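Participant: Sharing a structure with you now.
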Amino acid sequence: IRIELAGALTSQAMHDFQDELTALTFLGLDLVLFFEGVTYLSPGCIQVLIDIQQKMDQQHKGQLLLRKMPEKILREMESTGALELLDVE
């Protein structure tokens, strides 16, 4: 499933973001998230991505793939160690 994200993914949006991604994990399909239009990714949303990756690993179904990540967000994810846990291109 291809999902294009845009705007600021703030802490206020975190729960909806988590609910939507969690529901999609039950399909057992690959989730390809495109971050090209994202201007901000909160630490809470980064944790959601890590949690979703862990759920998918535990279920042995599908992959979480993060694509077209803006350089600023890549640097933030690198500083938190999240890049080592996620498949980012």
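Identifiers for the structure tokens are assigned positionally: chains receive A, B, ... in sequence, residues are indexed from 1 per chain, and ligands are indexed from 1 in the order shown.
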Check chain A with DSSP on the backbone and list each residue it calls helix (DSSP H, G or I), as a PyMOL selection string.
Facilitator: chain A and resi 11-25+43-59+71-80+82-84
Participant: Run DSSP on the backbone and grab whatever in chain A lands in strand (DSSP E or B); send it over as a PyMOL selection string.
Facilitator: chain A and resi 2-9+31-41+64-67+87-88
Participant: Stretch 55-86 of chain A near stretch 24-48 of chain A within 8 Å: what's each residue's closest atom pair and its distance in Å to one decimal, counting only C-alpha atoms, ordered by chain then ascending residue number, as a Markdown table?
Facilitator:
| residue | atom | partner | partner_atom | distance |
| --- | --- | --- | --- | --- |
| A:Lys55 | CA | A:Thr25 | CA | 7.8 |
| A:Met56 | CA | A:Thr25 | CA | 6.6 |
| A:Lys61 | CA | A:Gly28 | CA | 4.7 |
| A:Gly62 | CA | A:Asp30 | CA | 4.4 |
| A:Gln63 | CA | A:Asp30 | CA | 4.5 |
| A:Leu64 | CA | A:Leu31 | CA | 4.9 |
| A:Leu65 | CA | A:Val32 | CA | 4.7 |
| A:Leu66 | CA | A:Leu33 | CA | 4.9 |
| A:Arg67 | CA | A:Phe34 | CA | 4.8 |
| A:Lys68 | CA | A:Glu36 | CA | 5.0 |
| A:Met69 | CA | A:Phe35 | CA | 4.9 |
| A:Pro70 | CA | A:Glu36 | CA | 6.1 |
| A:Ile73 | CA | A:Leu41 | CA | 6.8 |
| A:Met77 | CA | A:Ile46 | CA | 7.5 |
| A:Ala82 | CA | A:Ile46 | CA | 7.4 |
Participant: Please dump the current selection as an mmCIF file, in the first residue's frame; keep C-alpha atoms.
Facilitator:
data_model
loop_
_atom_site.group_PDB
_atom_site.id
_atom_site.type_symbol
_atom_site.label_atom_id
_atom_site.label_comp_id
_atom_site.auth_asym_id
_atom_site.auth_seq_id
_atom_site.Cartn_x
_atom_site.Cartn_y
_atom_site.Cartn_z
ATOM 1 C CA LYS A 55 4.445 -5.248 15.189
ATOM 2 C CA MET A 56 5.042 -6.146 11.562
ATOM 3 C CA LYS A 61 3.740 -10.137 7.588
ATOM 4 C CA GLY A 62 4.552 -7.186 5.368
ATOM 5 C CA GLN A 63 7.215 -4.522 5.590
ATOM 6 C CA LEU A 64 7.257 -0.880 6.556
ATOM 7 C CA LEU A 65 9.232 1.114 3.994
ATOM 8 C CA LEU A 66 9.911 4.844 4.416
ATOM 9 C CA ARG A 67 10.747 6.745 1.237
ATOM 10 C CA LYS A 68 11.695 10.270 0.114
ATOM 11 C CA MET A 69 12.442 11.440 3.642
ATOM 12 C CA PRO A 70 13.425 15.151 3.756
ATOM 13 C CA ILE A 73 13.829 14.775 9.201
ATOM 14 C CA MET A 77 15.813 10.370 13.010
ATOM 15 C CA ALA A 82 15.555 5.467 14.683
#
Participant: What does the structure give for the distance between atom CA of A:His60 and atom CA of A:Ile1, in Å to one decimal?
Facilitator: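 Computed distance, atom CA of A:His60 to atom CA of A:Ile1, equals 16.7 Å.
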Participant: Go ahead and compute the interatomic distance for atom CA of A:Arg2 and atom CA of A:Ser79, in Å to one decimal.
Facilitator: 26.6 Å
Participant: If I take atom CA of A:Gly7 and atom CA of A:Asp57, how far is one from the other in Å, to one decimal?
Facilitator: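 Going from atom CA of A:Gly7 over to atom CA of A:Asp57 covers 27.9 Å.
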